[in-house]
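Chemist: I'm passing along run.txt; it holds compact mmCIF, C-alpha atoms.
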```txt
# COMPACT_ATOMS: atom_id res chain seq x y z
CA TRP A 1 -121.55 -59.90 -53.36
CA SER A 2 -123.15 -63.17 -52.34
CA GLY A 3 -120.11 -64.34 -50.36
CA CYS A 4 -120.05 -61.32 -48.05
CA ARG A 5 -121.68 -63.03 -45.04
CA PRO A 6 -119.48 -66.18 -44.94
CA TYR A 7 -116.37 -64.04 -45.59
CA VAL A 8 -117.13 -61.81 -42.59
CA VAL A 9 -118.04 -64.79 -40.38
CA ALA A 10 -114.75 -66.54 -41.24
CA HIS A 11 -112.65 -63.43 -40.48
CA LEU A 12 -114.44 -62.47 -37.24
CA PRO A 13 -114.65 -65.53 -34.94
CA GLN A 14 -115.81 -63.38 -31.98
CA LEU A 15 -118.90 -62.15 -33.90
CA LYS A 16 -122.16 -63.56 -32.46
CA GLN A 17 -124.73 -62.26 -34.99
CA LEU A 18 -124.73 -60.44 -38.33
CA ASP A 19 -127.57 -58.37 -39.84
CA GLY A 20 -129.85 -59.42 -36.97
CA LYS A 21 -129.28 -63.15 -37.48
CA LEU A 22 -127.46 -65.44 -35.10
CA ILE A 23 -124.35 -67.19 -36.35
CA LEU A 24 -124.58 -70.91 -35.72
CA PRO A 25 -121.49 -73.09 -35.16
CA ALA A 26 -122.17 -75.06 -38.33
CA GLU A 27 -122.29 -71.84 -40.35
CA ARG A 28 -119.00 -70.70 -38.84
CA ILE A 29 -117.29 -74.01 -39.69
CA LYS A 30 -118.59 -73.92 -43.26
CA ALA A 31 -117.43 -70.30 -43.69
CA ARG A 32 -113.90 -71.22 -42.58
CA GLN A 33 -113.82 -74.04 -45.11
CA GLN A 34 -114.90 -71.70 -47.92
CA LEU A 35 -112.51 -68.87 -46.97
CA PRO A 36 -109.78 -69.55 -49.64
CA ARG A 37 -112.37 -69.67 -52.40
CA LEU A 38 -114.09 -66.54 -51.09
CA GLN A 39 -110.71 -64.72 -51.03
CA GLN A 40 -110.12 -65.47 -54.71
CA GLU A 41 -113.66 -64.44 -55.65
CA LEU A 42 -113.26 -61.14 -53.77
CA GLU A 43 -110.00 -60.29 -55.56
CA ALA A 44 -111.62 -61.06 -58.90
CA GLU A 45 -114.58 -58.82 -58.06
CA VAL A 46 -112.22 -55.99 -57.08
CA GLN A 47 -110.32 -56.19 -60.38
CA LYS A 48 -113.59 -56.28 -62.29
CA SER A 49 -114.89 -53.23 -60.46
CA LEU A 50 -111.64 -51.33 -61.09
CA ARG A 51 -111.73 -52.04 -64.79
CA LYS A 52 -115.34 -50.91 -64.95
CA LYS A 53 -114.60 -47.63 -63.17
CA ALA A 54 -111.52 -47.04 -65.30
CA ALA A 55 -113.51 -47.61 -68.50
CA GLU A 56 -116.13 -45.13 -67.36
CA ALA A 57 -113.45 -42.52 -66.56
CA GLY A 58 -111.63 -43.12 -69.87
CA ARG A 59 -108.17 -43.91 -68.47
CA PRO A 60 -106.05 -47.10 -68.23
CA VAL A 61 -106.50 -49.37 -65.28
CA SER A 62 -102.83 -49.33 -64.16
CA GLU A 63 -102.63 -45.54 -63.97
CA GLY A 64 -103.75 -44.24 -60.58
CA ALA A 65 -105.76 -47.37 -59.77
CA TYR A 66 -106.62 -47.84 -56.10
CA THR A 67 -105.30 -51.37 -55.85
CA LYS A 68 -103.57 -53.32 -53.11
CA GLU A 69 -100.15 -52.62 -54.64
CA SER A 70 -100.81 -48.87 -54.89
CA ARG A 71 -102.02 -48.73 -51.27
CA ASN A 72 -98.95 -50.65 -50.10
CA GLU A 73 -96.65 -48.32 -52.03
CA MET A 74 -98.41 -45.27 -50.60
CA TYR A 75 -98.11 -46.52 -47.00
CA LEU A 76 -94.42 -47.33 -47.46
CA GLU A 77 -93.77 -43.86 -48.83
CA MET A 78 -95.60 -42.25 -45.90
CA ALA A 79 -93.61 -44.37 -43.42
CA ALA A 80 -90.31 -43.33 -45.05
CA GLN A 81 -91.29 -39.65 -44.87
CA LYS A 82 -92.22 -39.97 -41.20
CA GLU A 83 -88.93 -41.73 -40.40
CA GLU A 84 -86.95 -38.98 -42.16
CA LYS A 85 -88.87 -36.31 -40.25
CA ASP A 86 -88.23 -38.01 -36.89
CA LYS A 87 -84.55 -38.40 -37.73
CA ASN A 88 -84.19 -34.70 -38.54
CA GLU A 89 -85.96 -33.81 -35.30
CA ARG A 90 -83.66 -36.03 -33.23
CA ARG A 91 -80.63 -34.53 -34.96
CA ARG A 92 -81.87 -31.01 -34.19
CA MET A 93 -82.54 -31.84 -30.52
CA GLY A 94 -79.24 -33.70 -30.13
CA THR A 95 -80.92 -36.97 -29.12
CA GLU A 96 -79.82 -38.95 -32.15
CA PRO A 97 -78.25 -42.27 -31.10
CA LYS A 98 -74.50 -42.30 -31.67
CA GLU A 99 -72.48 -45.12 -33.11
CA PRO A 100 -70.86 -47.40 -30.53
CA ARG A 101 -67.31 -46.37 -29.66
CA GLN A 102 -64.53 -48.68 -30.82
CA VAL A 103 -62.23 -49.65 -27.97
CA PRO A 104 -58.55 -49.35 -29.01
CA GLY A 105 -56.55 -52.53 -29.31
CA VAL A 106 -53.61 -53.77 -27.29
CA TYR A 107 -50.90 -52.74 -29.78
CA ASN A 108 -50.41 -49.39 -31.47
CA ALA A 109 -49.54 -48.68 -35.11
CA ARG A 110 -45.83 -49.41 -34.48
CA GLY A 111 -46.59 -52.87 -33.07
CA GLU A 112 -45.67 -51.88 -29.51
CA ILE A 113 -47.79 -52.37 -26.38
CA ARG A 114 -50.09 -49.39 -26.05
CA GLN A 115 -49.84 -47.33 -22.86
CA CYS A 116 -52.84 -45.08 -22.27
CA ASN A 117 -55.23 -43.75 -19.61
CA GLU A 118 -58.32 -42.61 -21.51
CA GLY A 119 -60.46 -42.28 -18.36
CA LYS A 120 -57.92 -39.96 -16.67
CA TYR A 121 -58.09 -42.08 -13.50
CA ASP A 122 -55.36 -41.89 -10.86
CA PHE A 123 -53.25 -45.04 -10.74
CA ASP A 124 -50.21 -46.37 -8.91
CA ILE A 125 -47.90 -49.25 -9.81
CA ASP A 126 -45.67 -50.55 -6.99
CA ASP A 127 -42.81 -53.00 -7.62
CA ASP A 128 -40.54 -52.06 -4.68
CA SER A 129 -42.51 -52.81 -1.50
CA ASP A 130 -42.72 -56.54 -2.25
CA PRO A 131 -39.93 -58.01 -4.44
CA THR A 132 -42.09 -61.03 -5.36
CA LYS A 133 -45.05 -59.23 -6.96
CA ILE A 134 -46.24 -56.06 -8.66
CA ILE A 135 -49.21 -54.16 -7.19
CA PHE A 136 -51.38 -52.02 -9.47
CA GLU A 137 -54.09 -49.73 -8.07
CA LEU A 138 -56.65 -47.82 -10.14
CA ALA A 139 -58.88 -45.14 -8.55
CA VAL A 140 -62.20 -45.89 -10.27
CA PRO A 141 -65.41 -44.12 -9.12
CA LYS A 142 -66.72 -45.34 -5.77
CA TYR A 143 -70.30 -46.07 -6.84
CA LEU A 144 -69.42 -47.60 -10.20
CA ASP A 145 -70.98 -51.02 -10.70
CA THR A 146 -68.42 -53.82 -10.82
CA SER A 147 -70.08 -55.19 -13.96
CA ALA A 148 -68.80 -52.10 -15.82
CA LEU A 149 -65.16 -53.16 -15.18
CA ASP A 150 -63.21 -55.47 -17.46
CA VAL A 151 -59.73 -56.50 -16.25
CA ASP A 152 -57.21 -58.36 -18.40
CA VAL A 153 -53.82 -59.34 -16.99
CA ASN A 154 -51.17 -60.41 -19.49
CA PRO A 155 -47.60 -61.52 -18.69
CA LEU A 156 -46.32 -58.22 -20.15
CA TYR A 157 -49.15 -55.72 -19.55
CA VAL A 158 -52.29 -55.03 -17.52
CA ARG A 159 -55.46 -53.73 -19.18
CA CYS A 160 -58.59 -52.29 -17.50
CA VAL A 161 -61.66 -51.16 -19.46
CA VAL A 162 -63.96 -48.85 -17.46
CA ARG A 163 -67.06 -47.64 -19.33
CA GLU A 164 -65.36 -48.25 -22.69
CA LYS A 165 -62.34 -46.17 -21.52
CA VAL A 166 -59.06 -48.12 -21.61
CA THR A 167 -56.30 -47.90 -19.01
CA GLN A 168 -53.36 -50.03 -20.13
CA LEU A 169 -49.78 -50.12 -18.83
CA LYS A 170 -46.70 -52.10 -19.70
CA LEU A 171 -45.32 -54.06 -16.75
CA PRO A 172 -41.66 -53.71 -15.72
CA ALA A 173 -41.27 -57.51 -15.43
CA GLU A 174 -43.06 -60.68 -16.52
CA VAL A 175 -45.89 -61.84 -14.23
CA CYS A 176 -48.07 -64.95 -13.79
CA PRO A 177 -51.63 -64.12 -14.89
CA ASP A 178 -53.10 -67.33 -13.37
CA ALA A 179 -51.92 -66.39 -9.86
CA CYS A 180 -53.12 -62.76 -9.97
CA LYS A 181 -55.55 -61.44 -7.38
CA VAL A 182 -58.09 -58.71 -8.22
CA GLN A 183 -59.87 -56.87 -5.42
CA ARG A 184 -61.94 -53.75 -4.94
CA SER A 185 -62.08 -51.57 -1.85
CA ARG A 186 -65.47 -51.30 -0.16
CA ILE A 187 -64.66 -47.84 1.22
CA THR A 188 -63.04 -46.01 -1.70
CA GLY A 189 -64.06 -48.32 -4.55
CA SER A 190 -60.49 -48.37 -5.93
CA LEU A 191 -59.33 -51.40 -7.90
CA ARG A 192 -56.30 -53.38 -6.64
CA ILE A 193 -54.49 -56.02 -8.70
CA GLU A 194 -51.69 -58.13 -7.21
CA MET A 195 -49.54 -59.79 -9.88
CA PRO A 196 -46.87 -62.30 -8.72
CA LEU A 197 -43.64 -62.24 -10.70
CA ALA A 198 -42.79 -65.16 -12.95
CA ASP A 199 -39.15 -65.22 -11.80
CA PRO A 200 -38.68 -63.07 -8.67
CA GLY A 201 -35.09 -64.29 -8.05
CA ARG A 202 -33.90 -63.01 -11.41
CA VAL A 203 -35.39 -59.58 -10.80
CA ARG A 204 -33.88 -59.39 -7.31
CA ASN A 205 -30.39 -60.32 -8.57
CA ARG A 206 -30.62 -57.82 -11.37
CA ALA A 207 -31.65 -55.12 -8.92
CA SER A 208 -28.75 -55.98 -6.56
CA ARG A 209 -26.19 -55.70 -9.37
CA GLN A 210 -27.21 -52.17 -10.22
CA PRO A 211 -24.93 -49.63 -8.52
CA GLU A 212 -26.56 -47.18 -6.21
CA PRO A 213 -26.57 -43.63 -7.52
CA PRO A 214 -24.42 -41.20 -5.57
CA GLU A 215 -26.20 -39.03 -3.05
CA LEU A 216 -26.72 -35.52 -4.28
CA GLN A 217 -25.28 -32.72 -2.14
CA PRO A 218 -26.58 -29.15 -2.09
CA LEU A 219 -24.45 -26.55 -3.79
CA GLN A 220 -22.19 -24.53 -1.51
CA ALA A 221 -21.33 -20.89 -2.12
CA GLU A 222 -17.66 -20.32 -2.92
CA ALA A 223 -15.69 -18.17 -0.47
CA PRO A 224 -14.36 -14.89 -1.91
CA ARG A 225 -10.69 -15.01 -2.82
CA ALA A 226 -8.30 -12.47 -1.23
CA PRO A 227 -6.18 -10.45 -3.68
CA LYS A 228 -2.51 -11.40 -3.79
CA GLN A 229 -0.14 -8.90 -2.25
CA VAL A 230 3.26 -8.37 -3.84
CA LYS A 231 6.06 -8.20 -1.30
CA GLY A 232 9.56 -6.83 -1.91
CA ALA A 233 11.03 -4.92 -4.88
CA VAL A 234 10.19 -5.65 -8.51
CA SER A 235 12.90 -5.50 -11.16
CA LEU A 236 12.05 -4.08 -14.60
CA GLN A 237 15.14 -5.50 -16.19
CA GLY A 238 14.49 -7.78 -19.07
CA ILE A 239 10.78 -6.76 -19.52
CA TYR A 240 11.38 -5.31 -22.99
CA LYS A 241 13.28 -7.42 -25.46
CA ASP A 242 14.24 -6.35 -28.98
CA PRO A 243 15.32 -9.48 -30.83
CA ARG A 244 15.31 -7.77 -34.26
CA LYS A 245 17.29 -4.73 -33.02
CA VAL A 246 14.81 -2.34 -34.61
CA SER A 247 15.19 0.47 -32.11
CA GLY A 248 18.78 1.31 -33.20
CA ARG A 249 18.09 1.69 -36.94
CA GLY A 250 16.67 5.28 -36.85
CA ARG A 251 18.57 8.31 -38.05
CA GLY A 252 20.51 10.30 -35.47
CA ASN A 253 19.85 7.66 -32.82
CA SER A 254 22.71 6.02 -31.08
CA GLY A 255 22.87 2.28 -30.54
CA GLY A 256 21.74 2.56 -26.90
CA GLU A 257 18.89 5.05 -27.39
CA LEU A 258 15.55 3.37 -26.59
CA LEU A 259 13.36 6.08 -25.11
CA ARG A 260 12.78 9.73 -25.96
CA GLU A 261 10.99 12.27 -23.85
CA VAL A 262 9.10 14.98 -25.67
CA ARG A 263 7.98 18.07 -23.88
CA THR A 264 5.43 20.42 -25.40
CA THR A 265 3.96 23.73 -24.35
CA ARG A 266 0.31 24.76 -24.20
CA ALA A 267 -1.35 26.88 -26.88
CA GLY A 268 -1.78 29.74 -24.35
CA ASP A 269 1.97 29.94 -23.74
CA GLU A 270 2.60 31.16 -27.31
CA GLY A 271 3.78 34.76 -27.54
CA ALA A 272 2.18 37.76 -29.28
CA SER A 273 4.33 37.05 -32.30
CA GLY A 274 2.22 33.98 -32.93
CA ARG A 275 5.17 31.75 -33.05
CA ARG A 276 4.93 28.28 -31.54
CA ALA A 277 7.47 27.38 -28.90
CA PRO A 278 9.88 24.76 -30.07
CA ALA A 279 9.70 21.36 -28.38
CA ALA A 280 12.60 20.45 -26.22
CA GLU A 281 14.06 17.04 -26.63
CA ASP A 282 15.94 15.08 -24.12
CA ASP A 283 18.07 12.28 -25.37
CA GLU A 284 18.15 10.64 -22.06
```
Starting from the file, lay out its structure as structure tokens.

Modeler:
Amino acid sequence: WSGCRPYVVAHLPQLKQLDGKLILPAERIKARQQLPRLQQELEAEVQKSLRKKAAEAGRPVSEGAYTKESRNEMYLEMAAQKEEKDKNERRRMGTEPKEPRQVPGVYNARGEIRQCNEGKYDFDIDDDSDPTKIIFELAVPKYLDTSALDVDVNPLYVRCVVREKVTQLKLPAEVCPDACKVQRSRITGSLRIEMPLADPGRVRNRASRQPEPPELQPLQAEAPRAPKQVKGAVSLQGIYKDPRKVSGRGRGNSGGELLREVRTTRAGDEGASGRRAPAAEDDE
């Protein structure tokens, strides 16, 4: 191809000589000016050469032709295969990047303020020591960077996000978020939030109206009770009453007969005659 030398000179500005001949500045400038035309001529020569080779082989040009489109398609297919192989390897080794965790919102499914402690950190909320403010302390790790903490104080709740783990609590009274004070201990690293109440007098009056619960006393063992002792004589008169007068309706019984004593003998007292001794009755 006659345009090979200017084409190479235009594409390689750092080249000093080609085929043993020095490249002059004028030749380099002329090659750059002719580069668009040389590019078109080269593509035309490539298509002509492909058609010639395809005619010699006896097959169509578009089928299996080594063109720019076929090379691009081949490289894209190889890149997709390599990406799939690397992905399978990362999945097998457990190093596959995970999707970012979604931090839960302020309200739950019922529309109420969510109360949670996903990080399992120890916390303390104090509203008794100072009647004018609420103090909230969260025991975060000592060497945790402060940039990993996100604190949000709302009039009705306090929310702390530590490493995408939410700790959120509902406040017992309304506070002033603009006057809150957030600090962190230099020794333990714990987080301290002081939240002044919006209306401290109302809370104090409400607390004073509540009656104090009675003090609980320990259970005492009951003393054993002494059995009652009956003193004097006991009369049996009037214990048995017969309002229907049933006892005097039997045959051969007099009107005053109430009791009958029956005396029997043992089976060994029977005589040799085998007769059973008659029972003696006493009417009294």

Chemist: Hey, what's within 7 Å of Val166 of chain A if we count all atoms listed in the file and toss same-chain stuff fewer than 2 positions away? As a VMD selection string, please?

Modeler: chain A and resid 116 to 119 160 to 162 164 168

Chemist: For Leu138 of chain A, work out the shell of residues within 9 Å, counting only C-alpha atoms and skipping chain neighbours fewer than 6 positions away, then give it as a ChimeraX atom specification.

Modeler: /A:121-125,160,167,190-193

Chemist: So how many Å separate atom CA of Asp128 of chain A and atom CA of Glu194 of chain A, to one decimal?

Modeler: 12.9 Å

Chemist: Which residue, A:Glu89, A:Thr95, A:Leu12, A:Ala221, has the smallest gap to Leu35 of chain A when you use all atoms listed in the file?

Modeler: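 The shortest atom-to-atom distance to Leu35 of chain A comes from A:Leu12.
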
Chemist: Would you kindly return, as an MDAnalysis selection string, each protein, DNA or RNA residue with an atom no farther than 9 Å from any atom of Ile113 of chain A, considering only C-alpha atoms and excluding same-chain residues fewer than 5 positions away?

Modeler: chainID A and resid 106:108 156:157 168:170

Chemist: Quick one: residues within 9 Å of (-113.9, -68.9, -44.7) (file frame), counting all atoms listed in the file, please, as a list in words.

Modeler: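 Protein, DNA and RNA residues close to (-113.9, -68.9, -44.7): Pro6, Tyr7, Val8, Val9, Ala10, His11, Arg28, Ile29, Lys30, Ala31, Arg32, Gln33, Gln34, Leu35, Pro36, Arg37, Leu38 and Gln39 of chain A.
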
Chemist: Keeping C-alpha atoms for every residue in the selection just given, could you write it to a file as a PDB file, keeping the file's coordinate frame?

Modeler:
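Written output follows (again-v3.pdb):
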```pdb
ATOM      1  CA  PRO A   6    -119.480 -66.180 -44.940  1.00  0.00           C
ATOM      2  CA  TYR A   7    -116.370 -64.040 -45.590  1.00  0.00           C
ATOM      3  CA  VAL A   8    -117.130 -61.810 -42.590  1.00  0.00           C
ATOM      4  CA  VAL A   9    -118.040 -64.790 -40.380  1.00  0.00           C
ATOM      5  CA  ALA A  10    -114.750 -66.540 -41.240  1.00  0.00           C
ATOM      6  CA  HIS A  11    -112.650 -63.430 -40.480  1.00  0.00           C
ATOM      7  CA  ARG A  28    -119.000 -70.700 -38.840  1.00  0.00           C
ATOM      8  CA  ILE A  29    -117.290 -74.010 -39.690  1.00  0.00           C
ATOM      9  CA  LYS A  30    -118.590 -73.920 -43.260  1.00  0.00           C
ATOM     10  CA  ALA A  31    -117.430 -70.300 -43.690  1.00  0.00           C
ATOM     11  CA  ARG A  32    -113.900 -71.220 -42.580  1.00  0.00           C
ATOM     12  CA  GLN A  33    -113.820 -74.040 -45.110  1.00  0.00           C
ATOM     13  CA  GLN A  34    -114.900 -71.700 -47.920  1.00  0.00           C
ATOM     14  CA  LEU A  35    -112.510 -68.870 -46.970  1.00  0.00           C
ATOM     15  CA  PRO A  36    -109.780 -69.550 -49.640  1.00  0.00           C
ATOM     16  CA  ARG A  37    -112.370 -69.670 -52.400  1.00  0.00           C
ATOM     17  CA  LEU A  38    -114.090 -66.540 -51.090  1.00  0.00           C
ATOM     18  CA  GLN A  39    -110.710 -64.720 -51.030  1.00  0.00           C
TER      19      GLN A  39
END
```

Chemist: Would you compute the distance between atom CA of Pro100 of chain A and atom CA of Lys165 of chain A? Give it in Å to one decimal.

Modeler: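 Calculated distance between atom CA of Pro100 of chain A and atom CA of Lys165 of chain A is 12.5 Å.
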
Chemist: In Å, rounded to a single decimal, give me how far atom CA of Val103 of chain A is from atom CA of Arg163 of chain A.

Modeler: 10.1 Å

Chemist: Restricting the calculation to all atoms listed in the file: of A:Cys4, A:Cys180, A:Leu171, A:Met78, which residue gets closest to Leu18 of chain A?

Modeler: A:Cys4

Chemist: Give me, as a JSON list (two decimals) with C-alpha atoms, keeping the file's coordinate frame, all polymer residues having an atom no more than 12 Å from segment 181-184 of chain A, counting all atoms listed in the file and skipping those fewer than 2 positions away in the same chain.

Modeler:
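For reference, out.json as written:
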```json
[["chain", "number", "residue", "atom", "x", "y", "z"],
["A", 133, "LYS", "CA", -45.05, -59.23, -6.96],
["A", 134, "ILE", "CA", -46.24, -56.06, -8.66],
["A", 135, "ILE", "CA", -49.21, -54.16, -7.19],
["A", 136, "PHE", "CA", -51.38, -52.02, -9.47],
["A", 137, "GLU", "CA", -54.09, -49.73, -8.07],
["A", 138, "LEU", "CA", -56.65, -47.82, -10.14],
["A", 139, "ALA", "CA", -58.88, -45.14, -8.55],
["A", 140, "VAL", "CA", -62.20, -45.89, -10.27],
["A", 141, "PRO", "CA", -65.41, -44.12, -9.12],
["A", 142, "LYS", "CA", -66.72, -45.34, -5.77],
["A", 143, "TYR", "CA", -70.30, -46.07, -6.84],
["A", 144, "LEU", "CA", -69.42, -47.60, -10.20],
["A", 145, "ASP", "CA", -70.98, -51.02, -10.70],
["A", 146, "THR", "CA", -68.42, -53.82, -10.82],
["A", 149, "LEU", "CA", -65.16, -53.16, -15.18],
["A", 150, "ASP", "CA", -63.21, -55.47, -17.46],
["A", 151, "VAL", "CA", -59.73, -56.50, -16.25],
["A", 152, "ASP", "CA", -57.21, -58.36, -18.40],
["A", 153, "VAL", "CA", -53.82, -59.34, -16.99],
["A", 158, "VAL", "CA", -52.29, -55.03, -17.52],
["A", 160, "CYS", "CA", -58.59, -52.29, -17.50],
["A", 175, "VAL", "CA", -45.89, -61.84, -14.23],
["A", 176, "CYS", "CA", -48.07, -64.95, -13.79],
["A", 177, "PRO", "CA", -51.63, -64.12, -14.89],
["A", 178, "ASP", "CA", -53.10, -67.33, -13.37],
["A", 179, "ALA", "CA", -51.92, -66.39, -9.86],
["A", 186, "ARG", "CA", -65.47, -51.30, -0.16],
["A", 187, "ILE", "CA", -64.66, -47.84, 1.22],
["A", 188, "THR", "CA", -63.04, -46.01, -1.70],
["A", 189, "GLY", "CA", -64.06, -48.32, -4.55],
["A", 190, "SER", "CA", -60.49, -48.37, -5.93],
["A", 191, "LEU", "CA", -59.33, -51.40, -7.90],
["A", 192, "ARG", "CA", -56.30, -53.38, -6.64],
["A", 193, "ILE", "CA", -54.49, -56.02, -8.70],
["A", 194, "GLU", "CA", -51.69, -58.13, -7.21],
["A", 195, "MET", "CA", -49.54, -59.79, -9.88],
["A", 196, "PRO", "CA", -46.87, -62.30, -8.72]]
```

Chemist: Please write a file for segment 83-147 of chain A, taken from the block I just shared, that holds C-alpha atoms and is laid out as a compact mmCIF listing (two decimals), in the first residue's frame.

Modeler:
```txt
# COMPACT_ATOMS: atom_id res chain seq x y z
CA GLU A 83 -16.36 -11.43 34.12
CA GLU A 84 -18.65 -14.42 34.71
CA LYS A 85 -15.67 -16.56 35.73
CA ASP A 86 -14.43 -13.92 38.20
CA LYS A 87 -17.91 -13.54 39.65
CA ASN A 88 -18.23 -17.29 40.24
CA GLU A 89 -14.81 -17.33 41.89
CA ARG A 90 -15.71 -14.45 44.22
CA ARG A 91 -18.97 -16.18 45.12
CA ARG A 92 -17.10 -19.40 45.92
CA MET A 93 -14.51 -17.60 48.08
CA GLY A 94 -17.15 -15.48 49.82
CA THR A 95 -15.61 -12.18 48.71
CA GLU A 96 -18.50 -11.09 46.53
CA PRO A 97 -19.54 -7.51 47.36
CA LYS A 98 -22.88 -7.40 49.16
CA GLU A 99 -25.69 -4.98 48.50
CA PRO A 100 -25.75 -1.95 50.81
CA ARG A 101 -27.96 -2.45 53.85
CA GLN A 102 -31.14 -0.39 54.00
CA VAL A 103 -31.43 1.52 57.26
CA PRO A 104 -34.96 1.18 58.74
CA GLY A 105 -37.12 4.27 58.84
CA VAL A 106 -38.44 6.24 61.79
CA TYR A 107 -41.94 4.71 61.79
CA ASN A 108 -42.93 1.05 61.70
CA ALA A 109 -45.67 -0.61 59.66
CA ARG A 110 -48.37 0.52 62.14
CA GLY A 111 -47.34 4.18 61.82
CA GLU A 112 -45.87 4.32 65.33
CA ILE A 113 -42.40 5.55 66.31
CA ARG A 114 -40.01 2.64 66.00
CA GLN A 115 -38.09 1.60 69.12
CA CYS A 116 -35.07 -0.57 68.39
CA ASN A 117 -31.44 -1.24 69.34
CA GLU A 118 -29.93 -3.08 66.38
CA GLY A 119 -26.34 -2.63 67.58
CA LYS A 120 -27.10 -4.19 71.00
CA TYR A 121 -25.36 -1.27 72.73
CA ASP A 122 -25.98 -0.50 76.40
CA PHE A 123 -27.98 2.68 76.90
CA ASP A 124 -29.50 4.68 79.73
CA ILE A 125 -32.23 7.33 79.64
CA ASP A 126 -32.52 9.54 82.75
CA ASP A 127 -35.48 11.89 83.30
CA ASP A 128 -35.46 11.99 87.14
CA SER A 129 -32.11 13.48 88.18
CA ASP A 130 -32.82 16.83 86.48
CA PRO A 131 -36.52 17.78 86.08
CA THR A 132 -35.70 20.26 83.28
CA LYS A 133 -34.04 17.87 80.79
CA ILE A 134 -33.70 14.28 79.66
CA ILE A 135 -30.23 12.69 79.52
CA PHE A 136 -29.58 9.84 77.09
CA GLU A 137 -26.31 7.87 77.15
CA LEU A 138 -25.24 5.28 74.58
CA ALA A 139 -22.20 3.03 75.17
CA VAL A 140 -20.64 3.02 71.70
CA PRO A 141 -17.18 1.45 71.14
CA LYS A 142 -14.31 3.49 72.57
CA TYR A 143 -12.16 3.64 69.43
CA LEU A 144 -15.01 4.20 67.00
CA ASP A 145 -14.47 7.21 64.77
CA THR A 146 -16.93 10.03 65.45
CA SER A 147 -17.60 10.32 61.71
```
